[in-house]
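Trainee: Below is the structure I would like to discuss, written out as structure tokens.
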Amino acid sequence: MEPLAKPKGQKQADGSSQPITLADHTQHVQEEAARLLAARPFLAQKYLARTGRNLPTLVDTAARWHDEGKLHDDWQQACQQDYQEFLRRGFTTGANLQKAGIRHEMESLVRLNLSADKALPVCGYTAIAAHHGKLGKKHEKRWQKTLNYQALWKHFVSKGGEFTDPTLRDAFDQAIARRYEYDGPRAILQLADHRASALEEGQPVPAFRPFAYTFPHSEKRGVQQLVTQIWDEPFAILRAPTGAGKTDASLLWAQRQIEMGRADRLVIAMPTRFTANALSIAVTEALSSTGLYHSSAWFQAKAQPTVQGEADWKKELAYARQLETPVTVTTIDHLCICLTGAREDHHGIFWALAHSCVVIDEADFYDDFTQRNMVVLLRALRLLDVSVLVMSATIPESARQLYADAGQLTDTIQEDTSDSERTRCRLYQAGPCASPDDVAELLQRGLDGTPLIIYANTVRRAQAYRRWFAERGFDDVVLYHSRFTEPDKATIEEQLKGMLGTEAWQVNRQHGVAILTQIGELSVNISTNLMISDLCPIDRLTQRVGRLARFKDKGGNHVVGELYLVEPHQLDKEGKLRFYPAPYGHFRKGVGWEMTDTLRKSQTWLQPGRYSAQRFVDLVNDLYPEVVPETAEVRDNRRKLEDSVKTNWLILPFEEIDQEDDSTHAWKSRDIDAQKAVFANVTYSPFPEDDSDPSTFPNWFAFREWALLYSITIPIYEYSRGIKLGMLEKHTIHIGSDAEEIFIVKPKYYSSRMGLMLYEQAQERNDDMDD
């Protein structure tokens with residue numbers, strides 16, 4: 001029999017199966033690589049300009065040799081035996097290949113080294129070595145198996161350590177350049193191999209679509225005009241009020257980058273965490289019309305008809321996670337962690353990022369811990385010649401100084417001032433508020449039918465408002481915070497839009513009360529003319545005000561909104577009423593919460609009166625007059641990110657991190673407590689009912705797919721307390737051959753209207769941090 005590539009056969013149209021030969025599979029991989037490069041010519045153009053290498057030739061050679069090691073007699077014999085099992089049973093366990101102990105990619109390199117093509121550059125060897133993710137320190141024993149493998153491993157280790165000398169100048173810069181050179185063939189060969197294998201198994205694969213955008217309006221306004229003045233700058237900062245049309249401005253900017261040959265895709269980085277980490281928007285028109293969202297990623301992707309039409313939407317999301325879609329909306333954490341090289345897919349994400357233009361939206365949302373991580377990312381993007389646009393409604397002038405640390409220079413923050421002096425709201429002080437009864441007169445207006453948005457700083461306070469209305473039999477109210485499951489978040493977002501969204505206002509059917517936490521500062525496009533908000537830093541309040549009087553009245557006139565600012569309080573252990581600054585402060589055991597300096601200044605500066613967008617911007621500039629010096633903790637964390645770039649640019653570290661993590665064991669993306677997932681809104685069993693064991697998932701992907709529907713992430717201290725107090729119930733599941741324990745929230749502690757309620761018996765600490 002002709003040499004095989006796999007122990008499984010390829011299904012034919014008539015239902016029969018044909019063996020997948022090595023020659024055929026190799027050709028398929030070469031064809032997929034060529035198809036990718038033909039669809040994205042920018043890859044080869046930029047690679048040639050930066051490295052002087054011909055990328056199509058390099059990748060084709062690597063693809064031709066990547067599986068040559070399968071010609072090893074022991075590998076072929078084992079594969080033939082497993083194939084016979086496949087013919088008999090319709091599947092194979094691959095037991096014979098596992099016993100054979102031949103790592104075919106290592107054997108491929110040995111054979112390549114003895115061939116006329118041995119002049120293939122080391123980056124080509126790296127692509128072959130890494131195409132199954134085995135070029136890592138935890139696989140060193142495999143590389144030490146024979147003298148030939150040892151020699152290869154020794155060479156890789158020597159190359160990988162080139163930038164670890166602490167006395168080496170510009171080591172970070174050199175590591176970024178070298179990684180770009182090596183990650184190109186590495187990422188393309190992996191993707192081509194995966195696509196070829198999927199097609200051989202009869203599975204659909206996503207198409208390589210180009211970026212496409214048509215401006216949907218008759219004329220550009222304000223910020224959309226302004227962006228044309230800065231779209232040829234490699235780095236720019238754009239400030240414009242909420243609702244000014246920044247999303248279309250960013251798409252116009254991206255279109256310019258791509259038309260001018262500076263990128264071939266757009267990546268939009270958002271502040272808050274996605275459940276699925278990345279969200280593909282199949283058509284830019286959908287993004288233009290809906291705006292940027294930060295939650296329910298899987299459900300939004302599933303709703304895109306073009307995604308479902310071209311390939312399975314789950315595969316589209318997997319491509320989005322790799323930034324392999326024309327437009328990807330993701331988090332800053334997702335981009336920062338790809339620099340670490342701590343997981344094999346980081347190399348593919350890094351490669352895709354290098355060919356993107358990047359919009360960082362609402363950049364002022366990040367604390368100093370994350371800002372310093374972002375500075376490292378911006379430095380890498382500058383070294384990769386990636387165009388960057390930073391957008392925000394309230395970014396302070398001091399941000400220019402911070403970004404200059406990354407070499408990202410701009411003379412000024414470009415600002416849309418066309419509507420900045422108009423009065424947006426009148427602010428009223430509503431006094432201390434420990435319970436909803438303290439602002440009952442204001443809440444009564446919601447009961448009487450006035451559309452109302454309430455912003456609470458914590459989940460617990462938000463849920464207290466929801467109970468207040470429920471106790472009065474008022475049901476036209478929606479609560480929205482981060483501690484809902486993804487299906488419930490999707491439902492809630494639709495309810496909010498139906499109650500208070502654009503269409504509701506257009507037909508004069510706006511109604512109801514929306515109770516939001518910080519998640520609502522970047523959420524659905526809703527508005528009321530009346531708002532109650534907990535005191536928060538001025539820049540956060542500005543975002544909240546962006547959902548006050550957002551839409552014009554029936555006569556086309558702007559409305560001045562009413563903003564009532566309450567000071568959150570709670571009773572301490574001694575029964576005294578005290579100001580409660582969570583989450584804008586620091587918790588000290590035995591003392592409680594202490595407010596940040598920014599919250600203290602905001603408390604003083606936010607006085608009753610009229611406020612325009614410009615007045616808010618001026619206050620934010622005063623609030624952050626200069627870059628805050630790095631604390632020792634922030635500096636150490638930032639340096640760990642930089643060190644990982646220099647250490648892991650070629651070989652994966654020994655540590656292994658989960659696919660959903662946004663941090664490594666050494667470096668953290670955010671300064672938050674350790675998090676754990678619990679599972680809610682499930683009854684007796686969380687598992688699909690079929691003929692198999694309901695507590696068994698075939699693989700980790702199947703488990704993660706299920707987990708996305710039911711998981712809620714909480715701080716580990718709350719997780720531990722929930723177990724101790726009996727709020728969580730332990731279940732044992734099986735993922736493949738692995739046994740795992742998960743904890744399910746008992747039904748009384750979760751509802752689709754209130755979300756997660758694990759604080760019912762809590763005594764102290766903030767159990768209501770929200771993202």
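Numbering starts fresh at 1 for the residues of each chain in the structure tokens, the chains themselves are lettered A, B, ... in the order given, and ligands are numbered from 1 as they appear.
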Fewer than 2 positions away in the same chain doesn't count, so skip those; otherwise give me all residues within 7 Å of segment 570-585 of chain A, counting only C-alpha atoms, as a list in words.
Mentor: Ala434, Asn457, Pro568, Phe587, Trp593, Glu594, Met595, Thr596, Leu599, Asn766 and Met769 of chain A
Trainee: Save the residues we just selected, C-alpha atoms, as a compact mmCIF listing (two decimals), in the first residue's frame?
Mentor:
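As a result, result-v3.txt now contains:
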```
# COMPACT_ATOMS: atom_id res chain seq x y z
CA ALA A 434 -27.64 52.73 51.81
CA ASN A 457 -21.43 50.37 41.50
CA PRO A 568 -23.33 54.73 48.21
CA PHE A 587 -10.08 46.59 50.69
CA TRP A 593 -12.90 49.74 51.87
CA GLU A 594 -10.78 52.86 51.41
CA MET A 595 -11.58 55.05 48.42
CA THR A 596 -9.06 55.90 45.72
CA LEU A 599 -12.92 58.90 43.70
CA ASN A 766 -17.03 43.12 48.34
CA MET A 769 -17.04 43.39 41.93
```
Trainee: Please list as a list in words every residue within 10 Å of Leu266 of chain A, counting only C-alpha atoms and excluding residues in the same chain fewer than 6 positions away.
Mentor: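 Non-adjacent residues within range: Phe211, Ser250, Leu251, Trp253, Ala254, Gln255, Gln257, Ile258, Leu323, Glu324, Thr325, Pro326, Val327, Thr328, Val329, Leu353, His355, Ser356, Cys357, Val358 and Val359 of chain A.
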Trainee: Which residues come within 10 Å of Arg422 of chain A, counting only C-alpha atoms, excluding same-chain residues fewer than 6 positions away, as a VMD selection string?
Mentor: chain A and resid 558 560 610 to 615
Trainee: To one decimal place in Å, what is the distance between atom CA of Ala198 of chain A and atom CA of Ile733 of chain A?
Mentor: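 Separation of atom CA of Ala198 of chain A and atom CA of Ile733 of chain A: 28.2 Å.
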Trainee: Ranking A:Pro3, A:Gly501, A:Pro698, A:Gly546 by minimum distance to Gly69 of chain A and counting only C-alpha atoms, which one comes first?
Mentor: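 Checking each of A:Pro3, A:Gly501, A:Pro698, A:Gly546 against Gly69 of chain A, counting only C-alpha atoms, the winner is A:Pro3.
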Trainee: For Ala127 of chain A, work out the shell of residues within 12 Å, counting only C-alpha atoms and skipping chain neighbours fewer than 2 positions away, then give it as a PyMOL selection string.
Mentor: chain A and resi 58-67+105-106+108-109+120-125+129-135+156+179+181-193+344+347-348+650-651
Trainee: So which residues touch segment 163-169 of chain A within 7 Å, counting only C-alpha atoms, skipping near sequence neighbours fewer than 2 positions away, as a list in words?
Mentor: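 Neighbouring residues, sequence-local ones excluded: Gly161, Ala171, Ala175, Lys646 and Thr647 of chain A.
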Trainee: Please, could you write that set of residues out with N, CA and C atoms as a compact mmCIF listing (two decimals), in the first residue's frame?
Mentor:
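Everything below was put into result.txt:
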```txt
# COMPACT_ATOMS: atom_id res chain seq x y z
N GLY A 161 17.76 31.15 23.05
CA GLY A 161 18.37 31.88 24.14
C GLY A 161 19.15 33.11 23.73
N ALA A 171 17.24 44.02 23.31
CA ALA A 171 16.87 42.60 23.20
C ALA A 171 15.38 42.45 22.87
N ALA A 175 14.00 40.59 19.59
CA ALA A 175 13.16 39.42 19.76
C ALA A 175 11.85 39.56 18.98
N LYS A 646 11.26 38.00 25.28
CA LYS A 646 12.65 37.66 24.97
C LYS A 646 12.96 36.18 25.20
N THR A 647 12.26 35.56 26.12
CA THR A 647 12.56 34.17 26.49
C THR A 647 11.81 33.16 25.63
```
Trainee: Taking the chain letters and numbering used in this document, name the residues of segment 383-546 of chain A that DSSP puts in helix (DSSP H, G or I), as a PyMOL selection string.
Mentor: chain A and resi 383+399-404+436-447+459-471+486-500+502-506+518-522+538-545
Trainee: Find the residues near Gln10 of chain A: any atom within 8 Å, counting only C-alpha atoms, skip ones fewer than 4 places away on the same chain, and give them as a list in words.
Mentor: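 Answer for this query is Ser17, Gln18, Pro19, Ile20, Glu200, Glu201 and Gly202 of chain A.
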Trainee: Given the choices A:Val591, A:Ala456, A:Ile657, A:Ala504, which gets closest to Glu567 of chain A if the distance is worked out from only C-alpha atoms?
Mentor: A:Ala456
